[in-house]
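Q: I have a structure I would like to understand better, so I am pasting it below and will then ask my questions one at a time.
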Amino acid sequence: MAYLQFEAMNIPSVRTELSVSYIDHNTTQLGFENADDHRYLQSVAQKYGIWLSRPGNGICHQVHLERFGKPGKTLIGSDSHTPTCGALGMIAMGAGGLDVAMAMAGEPFHFQCPKVIRINLTGNLRPWVAAKDIILHVLQTFTTKGNVGCIFEYGGPGIETLTVPERATITNMGAECGVTTSIFPSDAMTRRFLQAQDREGDWMPLEADPDAHYDRMIEIDLSKLEPLAARPHSPDNISRVRDIGPIAVNQVCIGSCTNSSYKDLVTVAKILKGKTVHPDVSFIMAPGSRQVLENIAQNGYLADLIASGARLMENACGFCIGNGQSPPSGAVSLRTSNRNFYGRSGTKDADVYLISAETAAAAVLTGRLTDPRDLPMAYPEVAMPERFLIDDRMMVKPSDAADRVAVEIIRGPNIGAPPRNELLPDTIAGVVTIKLGDKITTDHIIPAGERMKYRSNIATYARYVFEMVDPGFAERAITIKELGRFNIIVAGLSYGQGSSREHAAICPMYLGVKAVLAKSFERIHAANLINFGIIPLVFRKEEEYDLIRQGDRIEIPQIRMHLEQGEPLFIKDVTQGFSFKVLYDLTDRQRRMILAGGALNMRTTG
């Protein structure tokens with residue numbers, strides 16, 4: 001979608017220092033749709049001067065960390081886990097695809113100046129306690145709510161013990177707290193990693209000034225941490241593994257952009273060497289990149305994993321987004337990925353727990369959730385290679401400018417132009433098509449998994465909006481739209497958690513949604529709503545959320561005039577006969593965007 005939007009801007013070439021297209025989400029080719037998307041993406045990259053990471057080369061965050069990330073640079077990516085590269089001292093932020101497309105066209109990227117929260121790490125991790133347990137502890141402390149507009153900055157003597165892949169696990173899952181990004185200093189450990197990637201020339205030292213001011217500071221003593229797990233169905237539902245108890249496990253999935261590095265997989269291989277997967281467990285392994293796979297193959301660790309009974313998946317997002325390896329009905333699945341939202345695995349009644357690679361390996365052997373400290377073996381220490389085996393043949397370099405003119409963009413029948421919204425009307429007269437509770441994620445709004453093959457076909461993908469929570473929503477919304485009214489969504493706290501999936505805004509816009517009323521919004525989703533001309537409005541009082549009902553007819557009178565003049569907005573519940581004031585937090589640019597019906601419209605009309 002980002003490239004379809006970029007095409008709509010009629011720019012001859014990208015205007016960034018570096019742009020990379022990664023094919024890592026929709027790699028399962030059941031039907032023609034995903035394969036057609038791959039051909040489209042390759043031809044677009046050749047046409048506009050973009051690097052291409054081919055299918056199978058790996059997950060964007062892992063590959064970018066390995067081959068492109070540089071301390072001191074700014075990175076935006078159309079995936080919420082882009083902050084992974086904060087492990088290298090980058091300001092790396094997730095964004096909607098349209099924001100990325102605009103940046104590729106040379107437009108500024110807009111975001112609020114964040115608060116900075118300092119997290120000081122002291123001490124050393126004890127054996128069998130991992131970087132995953134650090135970020136799970138952070139999630140237990142900060143939760144998934146209330147951290148919008150903040151950055152986590154890590155420091156303290158404890159960081160000196162953490163490798164770049166371990167830091168990447170921490171910065172990756174900071175996204176689950178809702179922060180703008182997370183960042184580590186660029187130090188001797190960073191230099192060592194870039195040396196191993198044959199990129200020492202990209203290194204520079206980078207750390208906070210001694211007199212830096214922070215909005216909040218906390219300290220974590222690494223020596224006091226224990227193996228943790230996020231219980232269903234939220235990454236902040238944290239307990240000690242030992243407190244959860246030895247529940248029976250049906251599936252263990254190791255991989256995803258969070259825990260699929262060389263260090264993670266070698267640790268698991270050493271734990272499992274000479275042993276066999278428990279007969280009740282399906283053991284899935286997905287390396288984060290082709291580089292990781294080749295290195296563990298060269299060193300013999302891949303053979304150890306396969307001999308133990310591991311089922312090898314492609315180097316892609318795979319099980320993390322529900323794109324393959326859905327667990328059995330009613331199953332318990334332990335995963336080293338970053339999200340365990342309801343239904344995200346592809347099996348609605350499965351219980352998904354998020355754990356470290358060490359805890360995952362323990363369950364592979366015992367068939368139960370097991371504190372890895374209880375395994376009858378010494379903790380396997382893993383040394384990072386001084387030099388990785390590097391093979392960039394699955395990276396396609398941008399074509400020379402002279403050669404791009406003749407490139408033809410290939411479009412399959414599933415690929416359509418990005419839909420545009422109309423101008424904001426003078427008054428929004430609509431219906432509360434759905435009323436939702438707290439912590440509604442973008443997975444709730446628009447499903448991933450098998451439905452993702454329709455990402456390039458909005459008319460089809462829109463049929464599945466809120467499929468997970470209310471399968472009748474899309475049909476109701478279409479009916480209301482055909483009657484000449486708009487659709488309005490009502491929700492609770494932290495609306496739009498999780499993925500940066502802009503289809504959670506595009507598809508509702510296509511169905512005629514004009515406003516979302518919620519108690520609070522997450523950063524990326526609020527920006528996506530505005531990008532597509534949907535206004536995010538915030539309840540002032542709890543009782544107003546309680547009063548409003550699904551099916552109520554709603555009016556936002558003279559909204560266009562009030563927005564133009566920066567005046568307060570009021571909601572009129574026509575059905576129940578009451579009115580109340582709502583809040584909105586829009587910059588001048590965002591107000592113009594809402595009035596124009598979205599960013600693409602505003603760019604075209606000025």
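Here, A, B, ... name the chains of the structure tokens in the order displayed, residue numbers run from 1 inside each chain, and ligands are numbered from 1 in the same displayed order.
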Hey, what does DSSP flag as strand (DSSP E or B) within segment 124-181 of chain A? Can you give it to me as a ChimeraX atom specification?

A: /A:150-155,181

Q: Which residues are close to Asp546 of chain A, i.e. within 12 Å by only C-alpha atoms, leaving aside same-chain residues fewer than 6 positions away? Reply as a tab-separated table (two decimals) with N, CA and C atoms, in the first residue's frame.

A:
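Output file selection_8.tsv follows:
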chain	number	residue	atom	x	y	z
A	435	LYS	N	-19.88	-0.35	19.27
A	435	LYS	CA	-19.34	0.18	20.53
A	435	LYS	C	-18.42	-0.87	21.13
A	436	LEU	N	-17.19	-0.46	21.43
A	436	LEU	CA	-16.15	-1.38	21.86
A	436	LEU	C	-15.62	-1.00	23.23
A	437	GLY	N	-14.87	-1.90	23.83
A	437	GLY	CA	-14.27	-1.65	25.14
A	437	GLY	C	-12.84	-1.14	25.02
A	490	VAL	N	-17.28	3.85	18.41
A	490	VAL	CA	-17.09	4.26	19.81
A	490	VAL	C	-16.24	3.21	20.50
A	491	ALA	N	-15.24	3.67	21.25
A	491	ALA	CA	-14.32	2.72	21.89
A	491	ALA	C	-13.83	3.28	23.22
A	492	GLY	N	-13.08	2.42	23.95
A	492	GLY	CA	-12.58	2.79	25.27
A	492	GLY	C	-11.14	3.27	25.23
A	518	ALA	N	-13.25	7.80	21.31
A	518	ALA	CA	-12.62	6.86	22.23
A	518	ALA	C	-12.16	7.59	23.48
A	519	LYS	N	-11.87	6.80	24.52
A	519	LYS	CA	-11.32	7.39	25.75
A	519	LYS	C	-9.88	7.82	25.54
A	539	PHE	N	-13.50	11.31	24.50
A	539	PHE	CA	-14.50	11.59	25.54
A	539	PHE	C	-13.86	12.39	26.67
A	540	ARG	N	-14.61	13.35	27.19
A	540	ARG	CA	-14.16	14.11	28.35
A	540	ARG	C	-14.53	13.42	29.65

Q: Using only C-alpha atoms, which of the listed residues (A:Ala95, A:Leu121, A:Val364, A:Gly58) sits closest to Leu293 of chain A?

A: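 The answer is A:Gly58, which sits nearest to Leu293 of chain A.
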
Q: Taking only residues of segment 151-189 of chain A that have an atom at most 8 Å from an atom of segment 203-227 of chain A, what is each one's shortest atom pair and its distance in Å to one decimal, using only C-alpha atoms, in chain and number order, as a tab-separated table?

A:
residue	atom	partner	partner_atom	distance
A:Gly158	CA	A:Leu222	CA	7.2
A:Pro185	CA	A:Glu207	CA	4.8
A:Ser186	CA	A:Leu206	CA	4.8
A:Asp187	CA	A:Pro205	CA	5.6

Q: Quick one, how far is atom CA of Ser579 of chain A from atom CA of Arg560 of chain A?

A: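 Between atom CA of Ser579 of chain A and atom CA of Arg560 of chain A the gap is 18.0 Å.
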
Q: Show me, as a PyMOL selection string, the residues that have an atom within 9 Å of Tyr464 of chain A when counting only C-alpha atoms, minus same-chain residues fewer than 2 positions from it.

A: chain A and resi 445-447+451+460-462+466-468+471+473-474+507

Q: Which residue is closest to Thr258 of chain A? Choose from A:Thr82, A:Thr441, A:Asn26, A:Thr276 and count only C-alpha atoms.

A: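 Of the candidates, the smallest distance to Thr258 of chain A is held by A:Thr82.
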
Q: If you take only C-alpha atoms and a cut-off of 9 Å, which residues of segment 436-514 of chain A touch segment 528-536 of chain A, and what are their nearest atom pairs and distances in Å to one decimal, in chain and number order, as JSON lines?

A:
{"residue": "A:Ser500", "atom": "CA", "partner": "A:Asn528", "partner_atom": "CA", "distance": 8.2}
{"residue": "A:Arg501", "atom": "CA", "partner": "A:Asn528", "partner_atom": "CA", "distance": 8.6}
{"residue": "A:Glu502", "atom": "CA", "partner": "A:Asn528", "partner_atom": "CA", "distance": 5.8}
{"residue": "A:His503", "atom": "CA", "partner": "A:Asn528", "partner_atom": "CA", "distance": 8.7}
{"residue": "A:Ala504", "atom": "CA", "partner": "A:Asn528", "partner_atom": "CA", "distance": 8.2}
{"residue": "A:Ala505", "atom": "CA", "partner": "A:Leu529", "partner_atom": "CA", "distance": 5.2}
{"residue": "A:Ile506", "atom": "CA", "partner": "A:Phe532", "partner_atom": "CA", "distance": 6.4}
{"residue": "A:Pro508", "atom": "CA", "partner": "A:Ile534", "partner_atom": "CA", "distance": 8.8}
{"residue": "A:Met509", "atom": "CA", "partner": "A:Phe532", "partner_atom": "CA", "distance": 6.8}
{"residue": "A:Val513", "atom": "CA", "partner": "A:Ile534", "partner_atom": "CA", "distance": 6.9}
{"residue": "A:Lys514", "atom": "CA", "partner": "A:Ile534", "partner_atom": "CA", "distance": 4.9}

Q: Residues near Lys73 of chain A, anyone? I mean within 8 Å using only C-alpha atoms, not counting same-chain ones fewer than 5 positions away, as a ChimeraX atom specification.

A: /A:89-91

Q: Taking only C-alpha atoms into account, name the residue in A:Gly449, A:His562, A:Thr433, A:Arg463 that is nearest to Arg476 of chain A.

A: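 With only C-alpha atoms as the atom set, the closest residue is A:Thr433.
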
Q: Need to verify the contact set: segment 63-72 of chain A, 9 Å, only C-alpha atoms, exclusion of same-chain residues closer than 6 positions in sequence. Can you return it as an mmCIF file with all heavy atoms, in the first residue's frame?

A:
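out_8.cif, freshly written:
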data_model
loop_
_atom_site.group_PDB
_atom_site.id
_atom_site.type_symbol
_atom_site.label_atom_id
_atom_site.label_comp_id
_atom_site.auth_asym_id
_atom_site.auth_seq_id
_atom_site.Cartn_x
_atom_site.Cartn_y
_atom_site.Cartn_z
ATOM 1 N N LEU A 18 18.100 6.489 1.924
ATOM 2 C CA LEU A 18 17.985 5.037 1.737
ATOM 3 C C LEU A 18 16.532 4.629 1.919
ATOM 4 O O LEU A 18 15.891 5.028 2.884
ATOM 5 C CB LEU A 18 18.849 4.298 2.776
ATOM 6 C CG LEU A 18 18.677 2.779 2.834
ATOM 7 C CD1 LEU A 18 19.385 2.116 1.654
ATOM 8 C CD2 LEU A 18 19.216 2.211 4.145
ATOM 9 N N VAL A 20 14.259 0.884 1.633
ATOM 10 C CA VAL A 20 14.349 -0.560 1.435
ATOM 11 C C VAL A 20 12.951 -1.165 1.482
ATOM 12 O O VAL A 20 12.175 -0.857 2.388
ATOM 13 C CB VAL A 20 15.229 -1.239 2.511
ATOM 14 C CG1 VAL A 20 15.493 -2.703 2.139
ATOM 15 C CG2 VAL A 20 16.545 -0.499 2.713
ATOM 16 N N TYR A 22 10.979 -4.552 2.016
ATOM 17 C CA TYR A 22 11.164 -5.900 2.572
ATOM 18 C C TYR A 22 9.918 -6.737 2.310
ATOM 19 O O TYR A 22 8.808 -6.327 2.637
ATOM 20 C CB TYR A 22 11.402 -5.837 4.086
ATOM 21 C CG TYR A 22 12.730 -5.239 4.470
ATOM 22 C CD1 TYR A 22 12.833 -3.907 4.848
ATOM 23 C CD2 TYR A 22 13.889 -6.003 4.457
ATOM 24 C CE1 TYR A 22 14.048 -3.345 5.206
ATOM 25 C CE2 TYR A 22 15.112 -5.464 4.814
ATOM 26 C CZ TYR A 22 15.177 -4.132 5.189
ATOM 27 O OH TYR A 22 16.395 -3.590 5.544
ATOM 28 N N SER A 53 14.615 -6.426 -0.518
ATOM 29 C CA SER A 53 14.978 -7.655 0.178
ATOM 30 C C SER A 53 13.977 -8.714 -0.242
ATOM 31 O O SER A 53 12.783 -8.627 0.061
ATOM 32 C CB SER A 53 14.940 -7.439 1.700
ATOM 33 O OG SER A 53 15.240 -8.629 2.384
ATOM 34 N N ASN A 57 14.631 -13.670 2.475
ATOM 35 C CA ASN A 57 15.861 -13.048 2.965
ATOM 36 C C ASN A 57 15.762 -12.685 4.438
ATOM 37 O O ASN A 57 16.788 -12.524 5.098
ATOM 38 C CB ASN A 57 16.193 -11.803 2.143
ATOM 39 C CG ASN A 57 17.615 -11.329 2.368
ATOM 40 O OD1 ASN A 57 18.553 -12.122 2.312
ATOM 41 N ND2 ASN A 57 17.788 -10.052 2.639
ATOM 42 N N THR A 84 13.114 -1.581 16.670
ATOM 43 C CA THR A 84 14.163 -2.588 16.870
ATOM 44 C C THR A 84 15.552 -1.986 16.656
ATOM 45 O O THR A 84 16.492 -2.263 17.396
ATOM 46 C CB THR A 84 13.962 -3.769 15.903
ATOM 47 O OG1 THR A 84 12.665 -4.329 16.102
ATOM 48 C CG2 THR A 84 15.012 -4.854 16.116
ATOM 49 N N CYS A 85 15.692 -1.143 15.633
ATOM 50 C CA CYS A 85 16.998 -0.580 15.294
ATOM 51 C C CYS A 85 17.464 0.466 16.302
ATOM 52 O O CYS A 85 18.591 0.960 16.189
ATOM 53 C CB CYS A 85 16.982 -0.017 13.871
ATOM 54 S SG CYS A 85 17.135 -1.308 12.612
ATOM 55 N N GLY A 86 16.639 0.797 17.277
ATOM 56 C CA GLY A 86 17.112 1.607 18.397
ATOM 57 C C GLY A 86 18.238 0.921 19.154
ATOM 58 O O GLY A 86 18.985 1.567 19.890
ATOM 59 N N ALA A 87 18.367 -0.393 18.961
ATOM 60 C CA ALA A 87 19.471 -1.140 19.572
ATOM 61 C C ALA A 87 20.825 -0.661 19.072
ATOM 62 O O ALA A 87 21.851 -0.887 19.725
ATOM 63 C CB ALA A 87 19.312 -2.633 19.281
ATOM 64 N N LEU A 88 20.852 -0.004 17.906
ATOM 65 C CA LEU A 88 22.091 0.513 17.328
ATOM 66 C C LEU A 88 22.278 2.004 17.590
ATOM 67 O O LEU A 88 23.193 2.620 17.033
ATOM 68 C CB LEU A 88 22.102 0.276 15.811
ATOM 69 C CG LEU A 88 22.235 -1.166 15.325
ATOM 70 C CD1 LEU A 88 22.045 -1.232 13.820
ATOM 71 C CD2 LEU A 88 23.603 -1.731 15.710
ATOM 72 N N GLY A 89 21.399 2.602 18.393
ATOM 73 C CA GLY A 89 21.508 4.035 18.615
ATOM 74 C C GLY A 89 20.839 4.846 17.529
ATOM 75 O O GLY A 89 21.271 5.970 17.228
ATOM 76 N N MET A 90 19.801 4.314 16.919
ATOM 77 C CA MET A 90 19.023 5.037 15.918
ATOM 78 C C MET A 90 17.723 5.541 16.543
ATOM 79 O O MET A 90 17.205 4.916 17.468
ATOM 80 C CB MET A 90 18.647 4.138 14.735
ATOM 81 C CG MET A 90 19.807 3.530 13.980
ATOM 82 S SD MET A 90 19.242 2.564 12.545
ATOM 83 C CE MET A 90 18.857 3.881 11.380
ATOM 84 N N ILE A 91 17.197 6.663 16.033
ATOM 85 C CA ILE A 91 15.817 7.027 16.329
ATOM 86 C C ILE A 91 14.985 6.338 15.262
ATOM 87 O O ILE A 91 14.917 6.779 14.110
ATOM 88 C CB ILE A 91 15.606 8.550 16.307
ATOM 89 C CG1 ILE A 91 16.309 9.185 17.499
ATOM 90 C CG2 ILE A 91 14.117 8.888 16.335
ATOM 91 C CD1 ILE A 91 15.685 8.865 18.845
ATOM 92 N N VAL A 164 24.057 -6.508 20.978
ATOM 93 C CA VAL A 164 23.093 -5.790 20.145
ATOM 94 C C VAL A 164 21.833 -6.621 19.904
ATOM 95 O O VAL A 164 20.716 -6.089 20.002
ATOM 96 C CB VAL A 164 23.740 -5.343 18.815
ATOM 97 C CG1 VAL A 164 22.684 -4.901 17.802
ATOM 98 C CG2 VAL A 164 24.710 -4.191 19.082
ATOM 99 N N PRO A 165 21.912 -7.918 19.597
ATOM 100 C CA PRO A 165 20.660 -8.689 19.462
ATOM 101 C C PRO A 165 19.819 -8.701 20.735
ATOM 102 O O PRO A 165 18.580 -8.672 20.664
ATOM 103 C CB PRO A 165 21.154 -10.097 19.110
ATOM 104 C CG PRO A 165 22.459 -9.874 18.431
ATOM 105 C CD PRO A 165 23.079 -8.706 19.158
ATOM 106 N N ALA A 168 18.165 -5.457 20.891
ATOM 107 C CA ALA A 168 17.109 -5.406 19.875
ATOM 108 C C ALA A 168 15.822 -6.053 20.373
ATOM 109 O O ALA A 168 14.718 -5.604 20.036
ATOM 110 C CB ALA A 168 17.584 -6.080 18.591
ATOM 111 N N PRO A 185 22.520 3.543 23.799
ATOM 112 C CA PRO A 185 23.695 4.258 23.299
ATOM 113 C C PRO A 185 24.434 3.409 22.255
ATOM 114 O O PRO A 185 24.285 2.182 22.209
ATOM 115 C CB PRO A 185 24.564 4.453 24.545
ATOM 116 C CG PRO A 185 23.670 4.213 25.707
ATOM 117 C CD PRO A 185 22.622 3.249 25.240
ATOM 118 N N SER A 186 25.222 4.069 21.444
ATOM 119 C CA SER A 186 26.143 3.379 20.545
ATOM 120 C C SER A 186 27.506 3.347 21.228
ATOM 121 O O SER A 186 28.126 4.394 21.437
ATOM 122 C CB SER A 186 26.220 4.108 19.195
ATOM 123 O OG SER A 186 27.210 3.518 18.371
ATOM 124 N N THR A 190 28.138 -1.986 20.378
ATOM 125 C CA THR A 190 27.605 -1.654 19.054
ATOM 126 C C THR A 190 28.702 -1.800 18.000
ATOM 127 O O THR A 190 28.480 -2.352 16.910
ATOM 128 C CB THR A 190 27.079 -0.202 19.042
ATOM 129 O OG1 THR A 190 26.348 0.052 20.229
ATOM 130 C CG2 THR A 190 26.198 0.043 17.832
ATOM 131 N N PHE A 193 29.393 -5.407 17.117
ATOM 132 C CA PHE A 193 28.369 -5.986 16.238
ATOM 133 C C PHE A 193 28.579 -5.536 14.790
ATOM 134 O O PHE A 193 28.527 -6.341 13.859
ATOM 135 C CB PHE A 193 26.982 -5.583 16.717
ATOM 136 C CG PHE A 193 25.849 -6.072 15.842
ATOM 137 C CD1 PHE A 193 25.395 -7.379 15.937
ATOM 138 C CD2 PHE A 193 25.267 -5.225 14.919
ATOM 139 C CE1 PHE A 193 24.353 -7.831 15.126
ATOM 140 C CE2 PHE A 193 24.222 -5.665 14.104
ATOM 141 C CZ PHE A 193 23.777 -6.975 14.211
ATOM 142 N N LEU A 194 28.836 -4.243 14.596
ATOM 143 C CA LEU A 194 29.037 -3.743 13.234
ATOM 144 C C LEU A 194 30.326 -4.280 12.631
ATOM 145 O O LEU A 194 30.397 -4.530 11.418
ATOM 146 C CB LEU A 194 29.021 -2.215 13.240
ATOM 147 C CG LEU A 194 27.649 -1.590 13.543
ATOM 148 C CD1 LEU A 194 27.764 -0.083 13.702
ATOM 149 C CD2 LEU A 194 26.630 -1.932 12.463
ATOM 150 N N GLN A 197 29.556 -7.535 11.255
ATOM 151 C CA GLN A 197 28.779 -7.397 10.027
ATOM 152 C C GLN A 197 29.611 -6.774 8.904
ATOM 153 O O GLN A 197 29.069 -6.444 7.844
ATOM 154 C CB GLN A 197 27.542 -6.528 10.286
ATOM 155 C CG GLN A 197 26.497 -7.163 11.176
ATOM 156 C CD GLN A 197 25.764 -8.306 10.510
ATOM 157 O OE1 GLN A 197 25.766 -8.442 9.295
ATOM 158 N NE2 GLN A 197 25.133 -9.151 11.314
ATOM 159 N N ARG A 199 30.881 -3.876 8.867
ATOM 160 C CA ARG A 199 30.390 -2.508 8.669
ATOM 161 C C ARG A 199 30.940 -1.565 9.749
ATOM 162 O O ARG A 199 30.256 -0.645 10.179
ATOM 163 C CB ARG A 199 28.848 -2.477 8.691
ATOM 164 C CG ARG A 199 28.189 -3.219 7.569
ATOM 165 C CD ARG A 199 26.753 -2.789 7.347
ATOM 166 N NE ARG A 199 25.861 -3.101 8.448
ATOM 167 C CZ ARG A 199 25.152 -2.204 9.123
ATOM 168 N NH1 ARG A 199 25.240 -0.922 8.835
ATOM 169 N NH2 ARG A 199 24.341 -2.576 10.097
ATOM 170 N N ASP A 202 30.425 2.168 9.637
ATOM 171 C CA ASP A 202 29.132 2.780 9.956
ATOM 172 C C ASP A 202 29.009 3.156 11.430
ATOM 173 O O ASP A 202 28.014 3.764 11.831
ATOM 174 C CB ASP A 202 27.983 1.820 9.596
ATOM 175 C CG ASP A 202 27.816 1.652 8.094
ATOM 176 O OD1 ASP A 202 28.250 2.547 7.346
ATOM 177 O OD2 ASP A 202 27.237 0.625 7.676
ATOM 178 N N TRP A 203 30.011 2.769 12.226
ATOM 179 C CA TRP A 203 29.901 3.000 13.673
ATOM 180 C C TRP A 203 30.291 4.430 14.025
ATOM 181 O O TRP A 203 31.166 5.040 13.402
ATOM 182 C CB TRP A 203 30.812 2.041 14.445
ATOM 183 C CG TRP A 203 30.728 2.225 15.940
ATOM 184 C CD1 TRP A 203 29.739 1.788 16.769
ATOM 185 C CD2 TRP A 203 31.670 2.925 16.766
ATOM 186 N NE1 TRP A 203 29.997 2.158 18.066
ATOM 187 C CE2 TRP A 203 31.171 2.862 18.095
ATOM 188 C CE3 TRP A 203 32.860 3.594 16.518
ATOM 189 C CZ2 TRP A 203 31.853 3.430 19.165
ATOM 190 C CZ3 TRP A 203 33.536 4.178 17.585
ATOM 191 C CH2 TRP A 203 33.029 4.092 18.897
ATOM 192 N N MET A 204 29.624 4.972 15.005
ATOM 193 C CA MET A 204 30.027 6.211 15.652
ATOM 194 C C MET A 204 29.587 6.139 17.105
ATOM 195 O O MET A 204 28.578 5.503 17.426
ATOM 196 C CB MET A 204 29.392 7.435 14.976
ATOM 197 C CG MET A 204 27.871 7.475 15.041
ATOM 198 S SD MET A 204 27.144 8.972 14.330
ATOM 199 C CE MET A 204 27.475 10.141 15.648
ATOM 200 N N PRO A 205 30.348 6.726 18.029
ATOM 201 C CA PRO A 205 29.915 6.722 19.437
ATOM 202 C C PRO A 205 28.748 7.679 19.613
ATOM 203 O O PRO A 205 28.688 8.739 18.986
ATOM 204 C CB PRO A 205 31.163 7.205 20.188
ATOM 205 C CG PRO A 205 31.909 8.027 19.182
ATOM 206 C CD PRO A 205 31.641 7.407 17.840
ATOM 207 N N LEU A 206 27.823 7.305 20.455
ATOM 208 C CA LEU A 206 26.647 8.147 20.686
ATOM 209 C C LEU A 206 26.071 7.820 22.055
ATOM 210 O O LEU A 206 25.738 6.666 22.334
ATOM 211 C CB LEU A 206 25.595 7.893 19.604
ATOM 212 C CG LEU A 206 24.373 8.809 19.586
ATOM 213 C CD1 LEU A 206 24.768 10.224 19.211
ATOM 214 C CD2 LEU A 206 23.329 8.289 18.598
ATOM 215 N N GLY A 288 15.303 -15.336 11.982
ATOM 216 C CA GLY A 288 14.929 -13.971 11.633
ATOM 217 C C GLY A 288 15.453 -13.505 10.297
ATOM 218 O O GLY A 288 14.929 -12.555 9.716
ATOM 219 N N SER A 289 16.499 -14.169 9.802
ATOM 220 C CA SER A 289 17.067 -13.766 8.524
ATOM 221 C C SER A 289 17.801 -14.935 7.883
ATOM 222 O O SER A 289 18.146 -15.917 8.541
ATOM 223 C CB SER A 289 18.034 -12.589 8.709
ATOM 224 O OG SER A 289 19.195 -13.007 9.400
ATOM 225 N N ARG A 290 18.043 -14.785 6.603
ATOM 226 C CA ARG A 290 18.842 -15.775 5.882
ATOM 227 C C ARG A 290 20.257 -15.823 6.462
ATOM 228 O O ARG A 290 20.875 -16.890 6.526
ATOM 229 C CB ARG A 290 18.871 -15.397 4.396
ATOM 230 C CG ARG A 290 19.549 -16.391 3.476
ATOM 231 C CD ARG A 290 19.180 -16.068 2.030
ATOM 232 N NE ARG A 290 19.931 -16.863 1.075
ATOM 233 C CZ ARG A 290 20.977 -16.407 0.394
ATOM 234 N NH1 ARG A 290 21.391 -15.161 0.574
ATOM 235 N NH2 ARG A 290 21.602 -17.182 -0.465
ATOM 236 N N GLN A 291 20.763 -14.664 6.897
ATOM 237 C CA GLN A 291 22.094 -14.645 7.498
ATOM 238 C C GLN A 291 22.138 -15.511 8.751
ATOM 239 O O GLN A 291 23.073 -16.299 8.940
ATOM 240 C CB GLN A 291 22.513 -13.214 7.848
ATOM 241 C CG GLN A 291 23.910 -13.131 8.430
ATOM 242 C CD GLN A 291 24.265 -11.746 8.939
ATOM 243 O OE1 GLN A 291 24.246 -11.505 10.153
ATOM 244 N NE2 GLN A 291 24.589 -10.837 8.038
ATOM 245 N N ASP A 392 24.787 -11.274 0.746
ATOM 246 C CA ASP A 392 23.747 -10.300 0.402
ATOM 247 C C ASP A 392 23.144 -10.539 -0.981
ATOM 248 O O ASP A 392 22.555 -9.626 -1.570
ATOM 249 C CB ASP A 392 24.322 -8.873 0.453
ATOM 250 C CG ASP A 392 24.609 -8.412 1.881
ATOM 251 O OD1 ASP A 392 23.940 -8.923 2.798
ATOM 252 O OD2 ASP A 392 25.492 -7.558 2.063
#

Q: Neighbours of Glu153 of chain A within 9 Å (only C-alpha atoms; same-chain residues fewer than 2 positions away dropped), as a PyMOL selection string?

A: chain A and resi 116-120+151+155+181-185+208

Q: Could those selected residues go to a file with N, CA and C atoms, as an mmCIF file, in the first residue's frame?

A:
data_model
loop_
_atom_site.group_PDB
_atom_site.id
_atom_site.type_symbol
_atom_site.label_atom_id
_atom_site.label_comp_id
_atom_site.auth_asym_id
_atom_site.auth_seq_id
_atom_site.Cartn_x
_atom_site.Cartn_y
_atom_site.Cartn_z
ATOM 1 N N VAL A 116 11.008 11.884 27.504
ATOM 2 C CA VAL A 116 12.039 10.843 27.518
ATOM 3 C C VAL A 116 12.098 10.216 28.904
ATOM 4 N N ILE A 117 11.943 8.901 28.926
ATOM 5 C CA ILE A 117 11.988 8.135 30.175
ATOM 6 C C ILE A 117 13.293 7.353 30.204
ATOM 7 N N ARG A 118 14.092 7.591 31.200
ATOM 8 C CA ARG A 118 15.390 6.918 31.334
ATOM 9 C C ARG A 118 15.197 5.628 32.121
ATOM 10 N N ILE A 119 15.668 4.521 31.547
ATOM 11 C CA ILE A 119 15.625 3.231 32.236
ATOM 12 C C ILE A 119 17.065 2.797 32.470
ATOM 13 N N ASN A 120 17.509 2.902 33.715
ATOM 14 C CA ASN A 120 18.883 2.537 34.081
ATOM 15 C C ASN A 120 18.951 1.059 34.439
ATOM 16 N N ILE A 151 9.607 8.260 24.847
ATOM 17 C CA ILE A 151 10.714 7.428 24.375
ATOM 18 C C ILE A 151 11.362 6.771 25.590
ATOM 19 N N GLY A 155 20.155 3.056 29.722
ATOM 20 C CA GLY A 155 21.512 3.403 30.119
ATOM 21 C C GLY A 155 21.903 2.649 31.365
ATOM 22 N N THR A 181 9.524 5.261 20.502
ATOM 23 C CA THR A 181 10.639 4.379 20.199
ATOM 24 C C THR A 181 11.407 4.093 21.476
ATOM 25 N N SER A 182 12.401 3.218 21.372
ATOM 26 C CA SER A 182 13.336 2.929 22.460
ATOM 27 C C SER A 182 14.740 3.010 21.884
ATOM 28 N N ILE A 183 15.698 3.411 22.708
ATOM 29 C CA ILE A 183 17.047 3.612 22.178
ATOM 30 C C ILE A 183 18.105 3.246 23.203
ATOM 31 N N PHE A 184 19.194 2.635 22.708
ATOM 32 C CA PHE A 184 20.396 2.364 23.482
ATOM 33 C C PHE A 184 21.525 3.259 22.973
ATOM 34 N N PRO A 185 22.520 3.543 23.799
ATOM 35 C CA PRO A 185 23.695 4.258 23.299
ATOM 36 C C PRO A 185 24.434 3.409 22.255
ATOM 37 N N ALA A 208 23.959 9.838 25.729
ATOM 38 C CA ALA A 208 23.304 11.029 26.279
ATOM 39 C C ALA A 208 24.333 11.945 26.931
#

Q: If we count only C-alpha atoms and set the cut-off at 8 Å, which residues sit around Ser234 of chain A, ignoring sequence neighbours fewer than 2 positions away in its own chain? Please answer as a list in words.

A: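 Skipping anything fewer than 2 positions along the chain leaves Ala230, Arg231, Pro232, Asp236, Asn237, Arg339, Asn340, Phe341 and Tyr342 of chain A.
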